[in-house]
Amino acid sequence: MDNAAERDLIRDLSRDVLTQIAPQELPLFTTVSAAWFADPAAAKKASKGRDAALGFGTDPLSILITPLILQVVSEIVPILGGIALKATETAVGEEVSTLVRKMFRREEADADTAPALTSEQLGEVHRHVIAAGERLRLESAQTQRLADAVVAQFVLPKE
């Protein structure tokens with residue numbers, strides 16, 4: 001991991017996805033995520049070596065999905081960072097013109113809002129999660145559910 005802010009982002013996004021698809025694992029999230037962040041390469045290697053199906057259900061014998069969610073989210077954070085950077089560059093360019101105009105006219109600046117992802121960007125995130133799920137050998141339905149849950153975090157209103 002590059003820095004604490006990125007780790008916090010991965011942790012927060014992963015917790016949100018976990019809440020949606022495997023809430024029974026929430027009590028273990030802090031411990032499992034700490035272990036994952038301590039050695040993500042080992043967790044990734046261990047997940048590639050599994051032959052068992054990975055379950056989303058409440059079966060106590062099913063394998064934890066938390067490390068897989070952490071892995072997938074850690075892979076999409078750079079994509080989202082790139083999207084945010086492009087949006088910021090565009091917004092800054094537009095904002096500079098707007099601020100110069102407002103300075104000249106002595107108007108107050110508007111409040112900032114987070115950029116919404118376009119359909120194409122949401123599709124890119126979805127495709128990347130599907131690819132990550134395939135690399136992690138998740139079943140197709142589980143991969144689709146995970147991808148949908150991740151994308152939902154960017155389009156559904158927070159409660």
# chains A, B, ... in the order shown; residues from 1 in each chain; ligands from 1

$ residues_around --residues "Trp36 in chain A" --least-positions-apart "5" --cutoff "10 Å" --atoms "only C-alpha atoms" --output "list of chain:residue names"
A:Thr30, A:Thr31, A:Ala41, A:Ala42, A:Ala43, A:Lys44, A:Thr66, A:Pro67, A:Leu68, A:Leu70, A:Gln71

$ atom_distance --atom1 "CA of Phe29 in chain A" --atom2 "CA of Arg15 in chain A"
7.4 Å
